[in-house]
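Contents: one structure, followed by commentary.
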Amino acid sequence: MLASATESSPEAAVYGEGAVARAAHAFRQPASILRHTATGAVGVATTRTAGPGEEALGVLPPLYPEWLGDRAFNEVHGLRFSYVAGAMANGIATSDIVIAMARAGMLGFFGSAGLSPDAVNAGLDRIEGALGSGSVSNASWGANLIHSPNEPDLEAAVADLFIRRGVRRVSASAYMGLTEPLVRYAFSGVRRQGGGVARHNYVFAKISRPEVARHMMAPPPSELLESLVQKGQLTGAEAALAKNLPVAEDITVESDSGGHTDNQPLGAVFPVIAMQRDKAVAEFGRAIRVGAAGGLGTPASIAAAFGYGADFVLTGSVNQSAVESGLSVEGKKLLAQASMADVGMAPAADMFEMGVEVQVLKRGTMFGPRAHRLYAAYRQFDSIEAMPEAFRANLEKQVLGDSCAAIWERTRAFFAERDPREVERAEKDPKHRMALVFRWYLGLSSKWAIAGEASRRLDYQIWCGPAMGAFNDWVRGSFLEAPENRSVAQIALNLLEGAAVVTRAHQLRSYGAPVPASAFAFEPRPLAIA
C-alpha cells in the first residue's frame with residue numbers, strides 16, 4: 001500500500017496538488033473531500049476529516065483492485081479479480097498461463113484453437129495436474145472453443161472432449177451464429193437446483209457485432225435443440241430448460257484487437273452490446289455479464305473499460321509477450337519493440353477463401369505483404385496451373401519457400417489423415433487445391449513464430465493489436481520493459497493497480513479537487529498478492 005498524504009504542514013497536505021496526487025495513489029485509504037470555507041479551495045485528506053474552517057463535501061471509502069468490475073462475476077466464477085487472460089490460439093495461451101492466472105485469483109483460457117485433440121488433452125492434463133480437477137479444485141479456468149467452418153468435425157470433437165473432461169468454461173470465438181457443438185456444450189448438465197436453474201458449463205461468447213450478440217444472449221432455436229436430443233447429445237430435460245436460457249451468460253465485447261477482429265473502437269461497440277444485454281435480461285430473466293476486450297494495454301484503458309460498465313476485462317496481445325506465453329523468445333522480442341502503428345491486417349488461414357483477415361504484427365516480419373500476395377493470386381487465378389510460369393516461380397521463391405507441387409504433397413498427406421474429404425474436393429476442384437496450398441503457408445507461419453524457426457524469421461505471423469504498442473510505451477523504463485520480466489500475473493496486477501489509481505483520481509476530480517496530471521500516472525513495479 002502506498003503512503004498516505006501527509007506533510008509537515010496540514011494546510012499543504014490537504015490543498016496542495018502534490019497531496020492530491022498522493023491521495024489518488026493511496027486509494028486503499030479513505031479520502032475526505034474538503035472545501036476551505038474562506039478560500040473555496042477544494043482539497044483532500046486521507047488521515048482526517050474536516051477541521052475548523054473546512055466543509056466536508058464527501059468521503060470516499062477505500063478502493064481495491066478486487067472491486068473493479070462486477071462482484072457477481074467474481075462470485076459466479078470463483079475469482080478474486082474481474083480479469084481474464086484470453087485464449088490465444090495454437091497454444092500461445094499455454095497451460096502455464098492458465099495455471100498462473102488461477103493461482104493469482106484470475107481467469108485464464110487455454111489457447112486450444114488450432115491444436116489437435118491429443119495436444120488439447122495434454123494441455124488439460126497439465127492444468128489439472130497443477131490445479132486439480134472436479135471437486136478437488138477450487139481454481140477457475142477454461143479453454144477455447146473456436147468456430148471451424150472448414151472443419152466442423154474438429155469443432156464437434158473438441159466440444160465433446162471438453163464435456164467429457166469437465167472443462168467448465170469455454171471462450172467461444174469466431175462464431176457468426178450458433179452451431180450444434182456450441183449449444184450442446186452450453187446446455188450439457190443444466191439442471192434445476194434450489195428452485196432455480198443451474199448451469200454446469202459457462203460460455204464466454206467473444207463477439208464484436210450486435211447481430212451475433214443477439215444469438216448468444218437468447219435461447220437457441222427449438223429445431224437445433226430437437227436435433228441434439230434426437231442425436232442423444234442432450235437429454236429432453238436439458239433441452240426443455242435450454243428453451244428459456246441464453247446460450248451465453250458471459251459476453252466478451254471484442255474491440256480492436258489482435259487476430260480476428262472487426263477493428264471496432266470499444267467506446268462505440270460496448271454501449272450498444274450493453275443495451276442489448278439489458279433487453280435480454282428483461283426478456284429472459286437471467287443475469288448476463290458483459291466484459292470488455294481489445295486495446296487494453298494500459299491502466300487508463302483498463303479503467304476506461306470498467307468506466308463503460310464492463311463486468312470484467314480481458315487482455316490478449318500483452319500476454320503474448322509474457323514469459324509463460326507459447327510464443328518463441330524471438331517473437332516476444334519483436335512484440336516488445338512494437339509501437340501502436342506496427343500492426344496491420346492480413347488474410348486469415350482458417351477463413352482464407354472468405355476473405356476474412358486477422359490483425360498481425362508488421363514490424364520485423366514480411367508475413368502481411370506476403371499473405372496479401374497469396375490472396376491476390378487466389379482471386380486472380382482459378383488454379384495453380386493457370387498461373388504464368390514466371391509468376392508461379394516468383395511466388396514459390398519469394399513467399400512459399402518451396403514448389404507448389406511439393407507443398408501440395410505435404411498438404412495432401414496432412415488432410416488424408418485429418419479430413420479426407422478435403423483431398424477429394426481438392427482433386428475435383430483445382431481452385432480449392434490452390435487455396436489449401438496457400439493456407440499451408442498461412443497456417444504454418446504462426447507455428448514458425450511459436451517454434452522460433454530461424455529460417456522462416458521473416459514469415460512469422462504474430463497476432464497483435466495496438467494494445468501491445470501502448471503497453472510498451474507505458475512500461476518503458478520500468479522492470480516490465482524487459483520481456484523476461486513480463487509474467488502474466490505481474491502484467492495483470494500492475495494493470496489493475498494502475499486502473500485503481502486512475503479510478504480514484506477520477507473520483508477525486510468529480511468532487512472538484514484540483515487533480516494534477518501526475519495523479520493519473522502509475523509506474524509499473526513488482527507487486528505481490530497479499
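Identifiers in the C-alpha cells: chain A, B, ... in order shown; residue index from 1 per chain; ligand index from 1 in order shown.
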Using 12 Å as the limit and counting only C-alpha atoms, can you tabulate each residue of region 103-197 of chain A that touches region 43-66 of chain A, with its shortest atom-to-atom distance in Å and the two atoms involved, as a tab-separated table?
```
residue	atom	partner	partner_atom	distance
A:Ala104	CA	A:Glu66	CA	11.5
A:Gly105	CA	A:Glu66	CA	9.6
A:Met106	CA	A:Glu66	CA	10.2
```
Contacts of region 399-515 of chain A with region 320-332 of chain A up to 12 Å, shortest pair per row, only C-alpha atoms, as JSON lines:
```
{"residue": "A:Ser445", "atom": "CA", "partner": "A:Gly331", "partner_atom": "CA", "distance": 11.9}
{"residue": "A:Ser446", "atom": "CA", "partner": "A:Leu327", "partner_atom": "CA", "distance": 9.1}
{"residue": "A:Lys447", "atom": "CA", "partner": "A:Leu327", "partner_atom": "CA", "distance": 8.8}
{"residue": "A:Trp448", "atom": "CA", "partner": "A:Ser328", "partner_atom": "CA", "distance": 8.7}
{"residue": "A:Ala449", "atom": "CA", "partner": "A:Gly331", "partner_atom": "CA", "distance": 6.0}
{"residue": "A:Ile450", "atom": "CA", "partner": "A:Leu327", "partner_atom": "CA", "distance": 4.3}
{"residue": "A:Ala451", "atom": "CA", "partner": "A:Ser328", "partner_atom": "CA", "distance": 5.6}
{"residue": "A:Gly452", "atom": "CA", "partner": "A:Ser328", "partner_atom": "CA", "distance": 4.9}
{"residue": "A:Glu453", "atom": "CA", "partner": "A:Ser328", "partner_atom": "CA", "distance": 8.7}
{"residue": "A:Ala454", "atom": "CA", "partner": "A:Glu330", "partner_atom": "CA", "distance": 9.0}
{"residue": "A:Arg456", "atom": "CA", "partner": "A:Glu330", "partner_atom": "CA", "distance": 11.7}
{"residue": "A:Arg457", "atom": "CA", "partner": "A:Glu330", "partner_atom": "CA", "distance": 8.8}
{"residue": "A:Leu458", "atom": "CA", "partner": "A:Gly331", "partner_atom": "CA", "distance": 10.9}
{"residue": "A:Asp459", "atom": "CA", "partner": "A:Gly331", "partner_atom": "CA", "distance": 11.2}
{"residue": "A:Tyr460", "atom": "CA", "partner": "A:Gly331", "partner_atom": "CA", "distance": 7.9}
{"residue": "A:Gln461", "atom": "CA", "partner": "A:Gly331", "partner_atom": "CA", "distance": 9.3}
{"residue": "A:Ile462", "atom": "CA", "partner": "A:Gly331", "partner_atom": "CA", "distance": 7.4}
{"residue": "A:Trp463", "atom": "CA", "partner": "A:Gln320", "partner_atom": "CA", "distance": 8.7}
{"residue": "A:Cys464", "atom": "CA", "partner": "A:Gln320", "partner_atom": "CA", "distance": 8.5}
{"residue": "A:Gly465", "atom": "CA", "partner": "A:Gln320", "partner_atom": "CA", "distance": 10.8}
{"residue": "A:Ala467", "atom": "CA", "partner": "A:Gln320", "partner_atom": "CA", "distance": 11.3}
{"residue": "A:Met468", "atom": "CA", "partner": "A:Ser321", "partner_atom": "CA", "distance": 8.7}
{"residue": "A:Gly469", "atom": "CA", "partner": "A:Ser321", "partner_atom": "CA", "distance": 11.4}
{"residue": "A:Phe471", "atom": "CA", "partner": "A:Ser321", "partner_atom": "CA", "distance": 10.5}
{"residue": "A:Asn472", "atom": "CA", "partner": "A:Ser321", "partner_atom": "CA", "distance": 10.2}
{"residue": "A:Leu480", "atom": "CA", "partner": "A:Ala322", "partner_atom": "CA", "distance": 9.7}
{"residue": "A:Glu481", "atom": "CA", "partner": "A:Ser321", "partner_atom": "CA", "distance": 10.5}
{"residue": "A:Ala482", "atom": "CA", "partner": "A:Ser321", "partner_atom": "CA", "distance": 9.7}
{"residue": "A:Pro483", "atom": "CA", "partner": "A:Ser321", "partner_atom": "CA", "distance": 6.3}
{"residue": "A:Glu484", "atom": "CA", "partner": "A:Val323", "partner_atom": "CA", "distance": 6.0}
{"residue": "A:Asn485", "atom": "CA", "partner": "A:Val323", "partner_atom": "CA", "distance": 7.2}
{"residue": "A:Arg486", "atom": "CA", "partner": "A:Ala322", "partner_atom": "CA", "distance": 4.7}
{"residue": "A:Ser487", "atom": "CA", "partner": "A:Ala322", "partner_atom": "CA", "distance": 5.0}
{"residue": "A:Val488", "atom": "CA", "partner": "A:Ala322", "partner_atom": "CA", "distance": 5.7}
{"residue": "A:Ala489", "atom": "CA", "partner": "A:Ala322", "partner_atom": "CA", "distance": 9.2}
{"residue": "A:Gln490", "atom": "CA", "partner": "A:Ala322", "partner_atom": "CA", "distance": 9.3}
{"residue": "A:Ile491", "atom": "CA", "partner": "A:Ala322", "partner_atom": "CA", "distance": 8.1}
{"residue": "A:Ala492", "atom": "CA", "partner": "A:Ala322", "partner_atom": "CA", "distance": 10.7}
```
Nearest to Ala528 (chain A) by atom-to-atom distance, counting only C-alpha atoms, from A:Leu493, A:Ala174, A:Phe284, A:Arg165
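Of A:Leu493, A:Ala174, A:Phe284, A:Arg165, the one nearest Ala528 (chain A) is A:Leu493, counting only C-alpha atoms.
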Residue among A:Ala31, A:Ser222, A:Asp473, A:Asn74 lying closest to Pro299 (chain A), counting only C-alpha atoms
A:Asp473
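Atom pair CA of Gly91 (chain A) / CA of Val313 (chain A) has a distance of 21.0 Å (rounded to one decimal).
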Determine, for each residue of region 209-228 of chain A having at least one atom at most 8 Å from an atom of region 244-264 of chain A, the closest pair of atoms and their separation in Å to one decimal, counting only C-alpha atoms; order by chain and ascending number, as JSON lines.
```
{"residue": "A:Ala213", "atom": "CA", "partner": "A:Ile251", "partner_atom": "CA", "distance": 7.8}
{"residue": "A:His215", "atom": "CA", "partner": "A:Val247", "partner_atom": "CA", "distance": 7.7}
{"residue": "A:Met216", "atom": "CA", "partner": "A:Val247", "partner_atom": "CA", "distance": 5.1}
{"residue": "A:Met217", "atom": "CA", "partner": "A:Pro246", "partner_atom": "CA", "distance": 4.8}
{"residue": "A:Ala218", "atom": "CA", "partner": "A:Pro246", "partner_atom": "CA", "distance": 4.3}
{"residue": "A:Pro219", "atom": "CA", "partner": "A:Pro246", "partner_atom": "CA", "distance": 4.4}
{"residue": "A:Pro220", "atom": "CA", "partner": "A:Val247", "partner_atom": "CA", "distance": 6.5}
```
Please dump the current selection as a PDB file, in the first residue's frame; keep N, CA, C and O atoms.
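See out-v7.pdb below for the written result:
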```
ATOM      1  N   ALA A 213     -24.237 -10.991 -31.028  1.00  0.00           N
ATOM      2  CA  ALA A 213     -24.595 -10.912 -29.614  1.00  0.00           C
ATOM      3  C   ALA A 213     -26.041 -11.340 -29.394  1.00  0.00           C
ATOM      4  O   ALA A 213     -26.361 -12.004 -28.399  1.00  0.00           O
ATOM      5  N   HIS A 215     -27.780 -13.577 -30.948  1.00  0.00           N
ATOM      6  CA  HIS A 215     -27.888 -15.043 -30.911  1.00  0.00           C
ATOM      7  C   HIS A 215     -27.412 -15.594 -29.567  1.00  0.00           C
ATOM      8  O   HIS A 215     -28.011 -16.523 -29.015  1.00  0.00           O
ATOM      9  N   MET A 216     -26.326 -15.034 -29.053  1.00  0.00           N
ATOM     10  CA  MET A 216     -25.719 -15.574 -27.844  1.00  0.00           C
ATOM     11  C   MET A 216     -26.515 -15.241 -26.585  1.00  0.00           C
ATOM     12  O   MET A 216     -26.484 -15.987 -25.607  1.00  0.00           O
ATOM     13  N   MET A 217     -27.237 -14.115 -26.599  1.00  0.00           N
ATOM     14  CA  MET A 217     -27.980 -13.691 -25.416  1.00  0.00           C
ATOM     15  C   MET A 217     -29.393 -14.272 -25.348  1.00  0.00           C
ATOM     16  O   MET A 217     -30.117 -14.005 -24.389  1.00  0.00           O
ATOM     17  N   ALA A 218     -29.782 -15.038 -26.342  1.00  0.00           N
ATOM     18  CA  ALA A 218     -31.136 -15.614 -26.404  1.00  0.00           C
ATOM     19  C   ALA A 218     -31.059 -17.134 -26.322  1.00  0.00           C
ATOM     20  O   ALA A 218     -30.001 -17.732 -26.551  1.00  0.00           O
ATOM     21  N   PRO A 219     -32.162 -17.796 -26.007  1.00  0.00           N
ATOM     22  CA  PRO A 219     -32.186 -19.253 -26.061  1.00  0.00           C
ATOM     23  C   PRO A 219     -31.979 -19.743 -27.489  1.00  0.00           C
ATOM     24  O   PRO A 219     -32.291 -19.033 -28.456  1.00  0.00           O
ATOM     25  N   PRO A 220     -31.453 -20.939 -27.665  1.00  0.00           N
ATOM     26  CA  PRO A 220     -31.235 -21.465 -29.019  1.00  0.00           C
ATOM     27  C   PRO A 220     -32.549 -21.834 -29.688  1.00  0.00           C
ATOM     28  O   PRO A 220     -33.568 -22.066 -29.006  1.00  0.00           O
TER      29      PRO A 220
END
```
Using only C-alpha atoms, which protein or nucleic acid residues come within 12 Å of Arg439 (chain A)? Drop anything in the same chain fewer than 4 positions from it, and give the result as JSON, numbers by chain.
{"A": [150, 347, 348, 349, 350, 351, 352, 353, 371, 372, 374, 375, 378, 400, 404, 407, 408, 411, 432, 433, 434, 435, 443, 444, 445, 446]}
Running DSSP on the backbone, which parts of region 235-437 of chain A land in alpha helix (DSSP H), as a ChimeraX atom specification?
/A:236-242,266-284,299-308,317-320,329-336,367-380,389-395,404-418,420-428,430-437
Save the residues we just selected, C-alpha atoms, as a short mmCIF file (atom, residue, chain, number, x, y, z; two decimals), in the first residue's frame?
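That gives us selection-v4.cif:
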```cif
data_model
loop_
_atom_site.label_atom_id
_atom_site.label_comp_id
_atom_site.auth_asym_id
_atom_site.auth_seq_id
_atom_site.Cartn_x
_atom_site.Cartn_y
_atom_site.Cartn_z
CA GLY A 236 -35.02 -33.98 -23.08
CA ALA A 237 -34.82 -32.31 -19.66
CA GLU A 238 -31.72 -30.32 -20.66
CA ALA A 239 -33.35 -29.18 -23.90
CA ALA A 240 -36.52 -28.14 -22.07
CA LEU A 241 -34.54 -25.94 -19.69
CA ALA A 242 -32.45 -24.54 -22.56
CA LEU A 266 -14.54 -0.05 -27.63
CA GLY A 267 -16.31 3.24 -26.97
CA ALA A 268 -18.65 2.60 -29.91
CA VAL A 269 -19.39 -1.10 -29.68
CA PHE A 270 -19.55 -1.67 -25.90
CA PRO A 271 -22.55 0.59 -25.14
CA VAL A 272 -24.53 -0.96 -27.99
CA ILE A 273 -23.93 -4.51 -26.74
CA ALA A 274 -24.65 -3.42 -23.15
CA MET A 275 -28.05 -2.08 -24.23
CA GLN A 276 -28.77 -5.39 -25.95
CA ARG A 277 -27.85 -7.15 -22.72
CA ASP A 278 -30.31 -5.04 -20.76
CA LYS A 279 -33.13 -6.01 -23.14
CA ALA A 280 -32.19 -9.70 -22.99
CA VAL A 281 -32.11 -9.68 -19.20
CA ALA A 282 -35.55 -8.09 -19.11
CA GLU A 283 -36.89 -10.67 -21.57
CA PHE A 284 -35.34 -13.87 -20.22
CA PRO A 299 -4.07 1.23 -16.66
CA ALA A 300 -6.06 4.06 -18.24
CA SER A 301 -7.60 1.74 -20.83
CA ILE A 302 -8.48 -0.82 -18.14
CA ALA A 303 -10.07 1.91 -16.02
CA ALA A 304 -11.94 3.22 -19.05
CA ALA A 305 -13.36 -0.24 -19.78
CA PHE A 306 -14.65 -0.53 -16.22
CA GLY A 307 -15.95 3.03 -16.59
CA TYR A 308 -18.04 1.92 -19.56
CA SER A 317 -1.87 -9.11 -27.07
CA VAL A 318 0.06 -8.04 -23.97
CA ASN A 319 0.07 -11.60 -22.60
CA GLN A 320 1.72 -12.87 -25.78
CA VAL A 329 11.73 -15.85 -27.46
CA GLU A 330 12.43 -14.14 -30.79
CA GLY A 331 8.71 -13.47 -31.27
CA LYS A 332 8.45 -11.96 -27.79
CA LYS A 333 11.37 -9.65 -28.54
CA LEU A 334 9.60 -8.43 -31.68
CA LEU A 335 6.44 -7.73 -29.69
CA ALA A 336 8.39 -5.85 -27.01
CA PHE A 367 4.13 -12.04 -43.33
CA GLY A 368 1.48 -9.39 -44.00
CA PRO A 369 2.50 -8.37 -47.55
CA ARG A 370 3.35 -11.96 -48.47
CA ALA A 371 -0.02 -13.23 -47.29
CA HIS A 372 -1.74 -10.49 -49.31
CA ARG A 373 0.16 -11.64 -52.41
CA LEU A 374 -1.25 -15.14 -51.95
CA TYR A 375 -4.81 -13.89 -51.58
CA ALA A 376 -4.44 -11.69 -54.66
CA ALA A 377 -3.24 -14.73 -56.64
CA TYR A 378 -6.16 -16.78 -55.34
CA ARG A 379 -8.59 -14.11 -56.53
CA GLN A 380 -6.88 -13.75 -59.91
CA GLU A 389 5.19 -19.97 -65.10
CA ALA A 390 7.28 -16.93 -64.14
CA PHE A 391 4.56 -15.67 -61.79
CA ARG A 392 4.31 -19.04 -60.04
CA ALA A 393 8.09 -19.40 -59.77
CA ASN A 394 8.34 -15.96 -58.21
CA LEU A 395 5.59 -16.79 -55.71
CA CYS A 404 3.51 -25.67 -55.10
CA ALA A 405 3.78 -29.34 -56.10
CA ALA A 406 5.88 -30.22 -53.05
CA ILE A 407 3.60 -28.24 -50.73
CA TRP A 408 0.53 -29.95 -52.15
CA GLU A 409 2.01 -33.37 -51.46
CA ARG A 410 2.57 -32.47 -47.81
CA THR A 411 -0.85 -30.85 -47.58
CA ARG A 412 -2.48 -33.85 -49.20
CA ALA A 413 -0.85 -36.21 -46.70
CA PHE A 414 -1.99 -33.98 -43.81
CA PHE A 415 -5.63 -33.91 -44.89
CA ALA A 416 -5.65 -37.58 -45.86
CA GLU A 417 -5.29 -38.26 -42.16
CA ARG A 418 -7.20 -35.30 -40.70
CA PRO A 420 -10.02 -36.99 -46.37
CA ARG A 421 -12.99 -35.03 -47.74
CA GLU A 422 -10.69 -32.05 -48.27
CA VAL A 423 -8.46 -34.19 -50.50
CA GLU A 424 -11.42 -35.44 -52.51
CA ARG A 425 -12.69 -31.92 -53.01
CA ALA A 426 -9.27 -30.56 -53.94
CA GLU A 427 -8.74 -33.24 -56.58
CA LYS A 428 -12.03 -32.28 -58.18
CA PRO A 430 -8.26 -27.03 -58.71
CA LYS A 431 -9.09 -23.68 -57.12
CA HIS A 432 -9.71 -25.37 -53.78
CA ARG A 433 -6.39 -27.18 -54.14
CA MET A 434 -4.72 -23.81 -54.68
CA ALA A 435 -6.42 -22.47 -51.56
CA LEU A 436 -5.14 -25.39 -49.49
CA VAL A 437 -1.60 -24.81 -50.76
#
```
How far is it from CA of Arg80 (chain A) to CA of Thr315 (chain A), in Å with one decimal?
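One can read the CA of Arg80 (chain A) to CA of Thr315 (chain A) distance as 16.5 Å.
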Quick one: everything within 8 Å of Ala159 (chain A), counting only C-alpha atoms, minus sequence neighbours fewer than 4 positions away in the same chain. Send it as a VMD selection string.
chain A and resid 145 155 163 181 to 182 184 to 185
Mind pulling up the distance from CA of Thr503 (chain A) to CA of Gly16 (chain A)?
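Calculated distance between CA of Gly16 (chain A) and CA of Thr503 (chain A) is 19.9 Å.
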When DSSP works through the backbone of this structure, what residues of region 67-139 of chain A end up as strand (DSSP E or B), shown as a PyMOL selection string?
chain A and resi 83-85+107-110
Convert the current residue selection to file output with N, CA, C and O atoms, as a PDB file, in the first residue's frame.
```pdb
ATOM      1  N   TYR A  83     -10.707 -10.125 -13.998  1.00  0.00           N
ATOM      2  CA  TYR A  83      -9.660 -10.006 -15.006  1.00  0.00           C
ATOM      3  C   TYR A  83      -9.465 -11.371 -15.659  1.00  0.00           C
ATOM      4  O   TYR A  83      -9.332 -12.387 -14.970  1.00  0.00           O
ATOM      5  N   VAL A  84      -9.419 -11.363 -16.994  1.00  0.00           N
ATOM      6  CA  VAL A  84      -9.327 -12.602 -17.765  1.00  0.00           C
ATOM      7  C   VAL A  84      -8.175 -12.493 -18.757  1.00  0.00           C
ATOM      8  O   VAL A  84      -7.998 -11.462 -19.407  1.00  0.00           O
ATOM      9  N   ALA A  85      -7.405 -13.562 -18.886  1.00  0.00           N
ATOM     10  CA  ALA A  85      -6.392 -13.667 -19.939  1.00  0.00           C
ATOM     11  C   ALA A  85      -6.994 -14.482 -21.074  1.00  0.00           C
ATOM     12  O   ALA A  85      -7.441 -15.609 -20.873  1.00  0.00           O
ATOM     13  N   LEU A 107      -8.862 -15.417 -14.136  1.00  0.00           N
ATOM     14  CA  LEU A 107      -9.317 -16.464 -15.043  1.00  0.00           C
ATOM     15  C   LEU A 107      -8.465 -16.467 -16.304  1.00  0.00           C
ATOM     16  O   LEU A 107      -8.240 -15.416 -16.914  1.00  0.00           O
ATOM     17  N   GLY A 108      -7.984 -17.632 -16.683  1.00  0.00           N
ATOM     18  CA  GLY A 108      -7.228 -17.775 -17.923  1.00  0.00           C
ATOM     19  C   GLY A 108      -7.852 -18.836 -18.803  1.00  0.00           C
ATOM     20  O   GLY A 108      -8.370 -19.849 -18.306  1.00  0.00           O
ATOM     21  N   PHE A 109      -7.814 -18.607 -20.119  1.00  0.00           N
ATOM     22  CA  PHE A 109      -8.323 -19.576 -21.089  1.00  0.00           C
ATOM     23  C   PHE A 109      -7.158 -20.194 -21.850  1.00  0.00           C
ATOM     24  O   PHE A 109      -6.314 -19.483 -22.409  1.00  0.00           O
ATOM     25  N   PHE A 110      -7.124 -21.506 -21.892  1.00  0.00           N
ATOM     26  CA  PHE A 110      -6.116 -22.252 -22.641  1.00  0.00           C
ATOM     27  C   PHE A 110      -6.360 -22.065 -24.139  1.00  0.00           C
ATOM     28  O   PHE A 110      -7.495 -22.207 -24.607  1.00  0.00           O
TER      29      PHE A 110
END
```
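Minimum distance to Arg71 (chain A) across A:Ala310, A:Ile92, A:Ile384, A:Val399 (counting only C-alpha atoms) occurs at A:Ala310.
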Between A:Ala513, A:Ala143, A:Ser95, A:Glu151, which is the closest to Arg126 (chain A) once you count only C-alpha atoms?
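Ranking A:Ala513, A:Ala143, A:Ser95, A:Glu151 by distance to Arg126 (chain A), first place goes to A:Ser95.
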